[in-house]
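What's in work.txt: compact mmCIF, C-alpha atoms
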```txt
# COMPACT_ATOMS: atom_id res chain seq x y z
CA MET A 1180 2.53 26.59 -20.08
CA THR A 1181 2.79 30.20 -21.29
CA ASP A 1182 3.73 33.21 -19.16
CA LEU A 1183 0.03 34.14 -19.07
CA GLU A 1184 -1.14 30.83 -17.55
CA PRO A 1185 -1.11 30.66 -13.77
CA ALA A 1186 0.78 27.75 -12.22
CA ALA A 1187 -2.40 26.67 -10.41
CA VAL A 1188 -3.99 25.69 -13.73
CA ALA A 1189 -1.21 23.16 -14.37
CA ALA A 1190 -1.65 21.58 -10.93
CA ALA A 1191 -5.41 21.52 -10.37
CA PRO A 1192 -6.44 19.68 -7.20
CA PRO A 1193 -7.91 16.21 -7.64
CA ARG A 1194 -11.67 15.85 -7.83
CA PRO A 1195 -12.74 14.38 -4.47
CA GLN A 1196 -13.46 10.66 -4.64
CA GLU A 1197 -15.24 8.60 -1.99
CA TRP A 1198 -13.05 6.09 -0.18
CA ALA A 1199 -12.89 4.34 3.17
CA TRP A 1200 -10.13 2.89 5.37
CA ALA A 1201 -9.94 0.04 7.90
CA THR A 1202 -7.38 -2.12 9.68
CA VAL A 1203 -7.63 -5.90 9.56
CA GLY A 1204 -5.86 -8.24 11.97
CA ALA A 1205 -3.80 -10.96 10.30
CA SER A 1206 -1.31 -13.63 11.35
CA ILE A 1207 1.47 -11.54 9.72
CA GLY A 1208 0.46 -8.35 11.56
CA PRO A 1209 -2.18 -5.70 10.94
CA LEU A 1210 -3.15 -4.85 7.36
CA GLY A 1211 -4.41 -1.42 6.35
CA ILE A 1212 -7.00 -1.55 3.59
CA ALA A 1213 -8.69 1.15 1.51
CA ALA A 1214 -11.63 0.84 -0.87
CA THR A 1215 -13.62 3.03 -3.24
CA PRO A 1216 -17.10 2.27 -4.58
CA ARG A 1217 -15.31 0.56 -7.52
CA GLY A 1218 -13.34 -1.89 -5.37
CA LEU A 1219 -10.43 -2.57 -3.06
CA LEU A 1220 -7.85 0.17 -3.67
CA GLN A 1221 -4.88 -0.50 -1.41
CA VAL A 1222 -3.48 -2.99 1.10
CA ILE A 1223 -0.52 -2.14 3.34
CA PHE A 1224 1.47 -4.41 5.65
CA ARG A 1225 2.44 -3.56 9.23
CA ALA A 1226 -0.37 -1.04 9.60
CA GLY A 1227 0.64 0.43 12.93
CA ALA A 1228 -0.26 4.00 13.84
CA GLU A 1229 2.63 5.62 11.93
CA GLU A 1230 2.18 3.54 8.76
CA THR A 1231 -1.58 4.08 8.82
CA GLU A 1232 -1.18 7.83 9.25
CA ALA A 1233 1.21 7.99 6.28
CA ALA A 1234 -0.99 5.80 4.05
CA VAL A 1235 -4.16 7.73 4.88
CA ALA A 1236 -2.38 11.06 4.29
CA GLY A 1237 -1.12 9.84 0.90
CA LEU A 1238 -4.54 8.62 -0.15
CA THR A 1239 -6.18 11.83 1.10
CA ARG A 1240 -3.88 13.84 -1.20
CA ARG A 1241 -4.51 11.52 -4.13
CA MET A 1242 -8.27 11.18 -3.62
CA GLY A 1243 -8.86 14.87 -2.83
CA THR A 1244 -10.62 14.12 0.47
CA GLY A 1245 -10.24 12.10 3.64
CA PRO A 1246 -11.79 8.69 4.20
CA VAL A 1247 -15.53 8.39 4.74
CA THR A 1248 -16.39 7.06 8.18
CA GLY A 1249 -20.13 6.47 7.88
CA PRO A 1250 -22.16 4.06 5.75
CA CYS A 1251 -21.33 4.28 2.04
CA ALA A 1252 -20.58 2.07 -0.98
CA ALA A 1253 -16.83 2.19 -0.28
CA ARG A 1254 -17.41 1.03 3.31
CA GLU A 1255 -19.52 -1.91 2.08
CA LEU A 1256 -16.67 -3.07 -0.21
CA LEU A 1257 -14.19 -2.53 2.60
CA ASP A 1258 -16.26 -4.76 4.89
CA ARG A 1259 -16.36 -7.44 2.20
CA ALA A 1260 -12.58 -7.23 1.64
CA SER A 1261 -11.98 -7.41 5.39
CA ALA A 1262 -14.09 -10.56 5.69
CA GLU A 1263 -12.29 -12.19 2.74
CA LEU A 1264 -8.84 -11.35 4.12
CA THR A 1265 -9.81 -12.68 7.56
CA ALA A 1266 -11.00 -15.94 5.96
CA TYR A 1267 -7.78 -16.18 3.87
CA PHE A 1268 -5.56 -15.88 6.94
CA ALA A 1269 -7.72 -18.42 8.79
CA GLY A 1270 -7.17 -20.91 5.93
CA ARG A 1271 -10.82 -20.79 4.82
CA ARG A 1272 -10.41 -18.86 1.53
CA GLU A 1273 -8.12 -19.48 -1.42
CA ALA A 1274 -9.39 -16.85 -3.87
CA PHE A 1275 -10.67 -13.30 -3.49
CA SER A 1276 -13.88 -12.17 -5.13
CA VAL A 1277 -13.95 -8.56 -3.97
CA PRO A 1278 -13.74 -6.17 -6.96
CA LEU A 1279 -10.44 -4.32 -7.39
CA ASP A 1280 -9.91 -0.64 -8.11
CA TRP A 1281 -6.77 -0.54 -10.29
CA SER A 1282 -6.42 3.26 -10.26
CA LEU A 1283 -3.18 3.27 -8.22
CA THR A 1284 -1.31 1.48 -11.01
CA SER A 1285 -1.09 1.81 -14.78
CA GLY A 1286 0.71 0.72 -17.95
CA PHE A 1287 3.06 -2.26 -17.81
CA ASN A 1288 2.70 -2.60 -14.04
CA ARG A 1289 -1.08 -2.88 -14.30
CA ARG A 1290 -0.83 -5.47 -17.11
CA VAL A 1291 1.55 -7.60 -15.04
CA LEU A 1292 -0.51 -7.30 -11.85
CA ARG A 1293 -3.73 -8.19 -13.65
CA GLU A 1294 -2.07 -11.28 -15.14
CA LEU A 1295 -0.75 -12.23 -11.73
CA ALA A 1296 -4.20 -11.87 -10.13
CA ALA A 1297 -5.93 -13.86 -12.86
CA GLY A 1298 -3.33 -16.47 -13.70
CA VAL A 1299 -1.39 -17.52 -10.59
CA PRO A 1300 -3.73 -19.33 -8.20
CA TYR A 1301 -3.40 -20.09 -4.51
CA GLY A 1302 -0.66 -22.60 -3.71
CA SER A 1303 1.33 -21.99 -6.89
CA VAL A 1304 4.25 -19.77 -7.88
CA VAL A 1305 5.55 -18.19 -11.07
CA SER A 1306 8.97 -16.77 -11.89
CA TYR A 1307 9.54 -13.11 -12.69
CA GLN A 1308 10.57 -14.14 -16.22
CA ASP A 1309 7.54 -16.41 -16.74
CA LEU A 1310 5.27 -13.56 -15.73
CA ALA A 1311 7.07 -11.23 -18.16
CA ASP A 1312 6.57 -13.82 -20.91
CA ARG A 1313 2.87 -14.11 -20.10
CA VAL A 1314 2.37 -10.40 -20.81
CA GLY A 1315 4.43 -10.58 -24.01
CA GLU A 1316 7.55 -8.86 -22.66
CA ARG A 1317 10.41 -11.36 -23.03
CA GLY A 1318 13.48 -10.33 -21.06
CA ALA A 1319 11.51 -8.05 -18.74
CA ALA A 1320 12.03 -10.00 -15.51
CA ARG A 1321 13.50 -6.97 -13.73
CA ALA A 1322 10.59 -4.81 -14.83
CA VAL A 1323 8.24 -7.44 -13.38
CA GLY A 1324 10.17 -7.14 -10.11
CA VAL A 1325 9.56 -3.38 -10.17
CA ALA A 1326 5.85 -4.02 -10.80
CA MET A 1327 5.75 -6.38 -7.80
CA GLY A 1328 7.38 -3.71 -5.64
CA SER A 1329 4.77 -1.15 -6.64
CA ASN A 1330 1.79 -3.48 -6.14
CA PRO A 1331 -0.89 -1.48 -4.27
CA LEU A 1332 -2.88 -4.67 -3.50
CA PRO A 1333 -0.51 -7.27 -2.01
CA VAL A 1334 -2.02 -10.54 -0.76
CA VAL A 1335 -5.13 -10.02 -2.93
CA VAL A 1336 -2.93 -9.50 -6.01
CA PRO A 1337 -0.44 -12.15 -4.87
CA CYS A 1338 3.04 -10.72 -5.52
CA HIS A 1339 4.30 -13.13 -2.84
CA ARG A 1340 3.79 -15.92 -5.42
CA VAL A 1341 6.47 -14.50 -7.75
CA ILE A 1342 9.92 -16.08 -7.30
CA GLU A 1343 13.26 -16.29 -9.07
CA SER A 1344 13.73 -18.68 -12.02
CA ASN A 1345 16.19 -20.74 -9.95
CA GLY A 1346 13.60 -21.25 -7.19
CA GLY A 1347 14.95 -18.56 -4.87
CA LEU A 1348 12.40 -16.37 -3.12
CA GLY A 1349 13.54 -13.15 -4.78
CA GLY A 1350 12.65 -9.90 -3.06
CA PHE A 1351 9.67 -8.61 -1.15
CA GLY A 1352 9.28 -4.97 -0.19
CA SER A 1353 7.71 -5.73 3.17
CA GLY A 1354 10.33 -8.30 4.12
CA LEU A 1355 11.05 -11.87 3.19
CA GLU A 1356 9.59 -13.11 6.48
CA ILE A 1357 6.15 -11.97 5.29
CA LYS A 1358 6.68 -13.58 1.88
CA ARG A 1359 7.71 -16.84 3.57
CA ALA A 1360 4.70 -16.71 5.91
CA LEU A 1361 2.27 -16.20 3.01
CA LEU A 1362 3.83 -19.01 0.96
CA SER A 1363 3.74 -21.26 4.04
CA LEU A 1364 0.07 -20.43 4.60
CA GLU A 1365 -0.61 -21.54 1.01
CA GLY A 1366 1.40 -24.74 1.41
CA VAL A 1367 4.19 -23.74 -1.01
CA LEU A 1368 6.85 -23.64 1.72
CA PRO A 1369 7.05 -25.68 4.91
CA GLU A 1370 6.03 -23.91 8.12
CA PRO A 1371 9.00 -22.13 9.72
CA LEU A 1372 10.52 -24.08 12.61
CA PHE A 1373 10.77 -20.94 14.75
```

As structure tokens, the full file:
Amino acid sequence: MTDLEPAAVAAAPPRPQEWAWATVGASIGPLGIAATPRGLLQVIFRAGAEETEAAVAGLTRRMGTGPVTGPCAARELLDRASAELTAYFAGRREAFSVPLDWSLTSGFNRRVLRELAAGVPYGSVVSYQDLADRVGERGAARAVGVAMGSNPLPVVVPCHRVIESNGGLGGFGSGLEIKRALLSLEGVLPEPLF
């Protein structure tokens, strides 16, 4: 930037993009979900009032406008995602067919998350290192862990299915109790005793 260019030119506001928001009840607690006309954009755990307010504010800044509340293409995709998530938590759905909007991730993280979504089915797990190998990045297990932590679409892009090479659960940004519950739902782990 030269002395003659105003700072506002460097930080132009985002072009407004249509998106919608909803909360879905789940056995692990409420999920906040956002969608655009392209697909499901974001899923957040523990979507209480405070978490929802923060997520909606962040998306409003990023999308250049607040969520649409009336009928629109984003709302239709949101309704579809909500129905699929409800069926998943009821044990009636093993795969998601709702389109995904990958715009909240890029680069290596996007490659890893796409491989995870396409190549690690319901009821199975993969190690961080195996997932790194699948995207051609030997020795990048820690980077895969970072990608899992930045996953904007948990449950639908199943970062809970990624474990340590020794069989340990590894980490989970929203808490290991949620990871255990999801793996139990899919039959990978036994149901918790209490």

* Asked: Quick one: of A:Ser1206, A:Thr1284, A:Thr1239, A:Ser1303, who's nearest to Tyr1267 in chain A, counting all atoms listed in the file?
  -> A:Ser1206

* **Residues near range 1193-1199 of chain A, cut-off 6 Å, all atoms listed in the file, skip fewer than 4 positions along chain, as a ChimeraX atom specification** => /A:1213-1215,1242-1244,1246-1247,1253-1254

* **CA of Arg1272 in chain A to CA of Ala1297 in chain A, straight-line distance in Å** => 15.9 Å

* Structure fact -> Separating CA of Val1325 in chain A from CA of Val1341 in chain A, to the nearest tenth of an Å, is a gap of 11.8 Å

* Surrounding residues of Val1334 in chain A excluding itself and chain neighbours under 2 positions, 12 Å, all atoms listed in the file, as number ranges by chain -> A: 1205, 1207, 1210-1212, 1219, 1221-1224, 1260, 1263-1265, 1267-1268, 1273-1275, 1292, 1295-1296, 1300-1301, 1327, 1330-1332, 1336-1341, 1351, 1353, 1357-1358, 1360-1362, 1364-1365

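Note that CA of Gln1308 in chain A and CA of Arg1321 in chain A are 8.1 Å apart.
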
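With distances restricted to all atoms listed in the file, A:Gly1352 is the closest residue to Pro1333 in chain A from A:Gly1302, A:Gly1315, A:Pro1216, A:Gly1352.
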
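Checking A:Glu1232, A:Arg1217, A:Arg1289, A:Gly1350 one by one against Cys1251 in chain A, counting only C-alpha atoms, you find the shortest gap at A:Arg1217.
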
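All protein, DNA and RNA residues at most 12 Å from (5.8, -17.4, -16.4) are Val1291, Glu1294, Leu1295, Gly1298, Val1299, Ser1303, Val1304, Val1305, Ser1306, Tyr1307, Gln1308, Asp1309, Leu1310, Ala1311, Asp1312, Arg1313, Val1314, Gly1315, Glu1316, Arg1317, Gly1318, Ala1319, Ala1320, Val1323, Arg1340, Val1341, Ile1342, Glu1343 and Ser1344 of chain A, using all atoms listed in the file.
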
* To do: Choose the residue, out of A:Leu1283, A:Ala1322, A:Leu1220, A:Val1277, that has the smallest atom-to-atom separation from Asp1258 in chain A; count only C-alpha atoms.
  => A:Val1277

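Nearest residue to Gly1245 in chain A among A:Trp1200, A:Leu1257, A:Gly1208, A:Arg1359 is A:Trp1200, counting all atoms listed in the file.
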
Centre and edge lengths of an axis-aligned box around all listed atoms of range 1308-1320 of chain A, with 6 Å added on each side, are to be given in Å to one decimal, as AutoDock Vina command-line options.
```
--center_x 7.9 --center_y -12.2 --center_z -19.8 --size_x 23.1 --size_y 20.4 --size_z 20.5
```
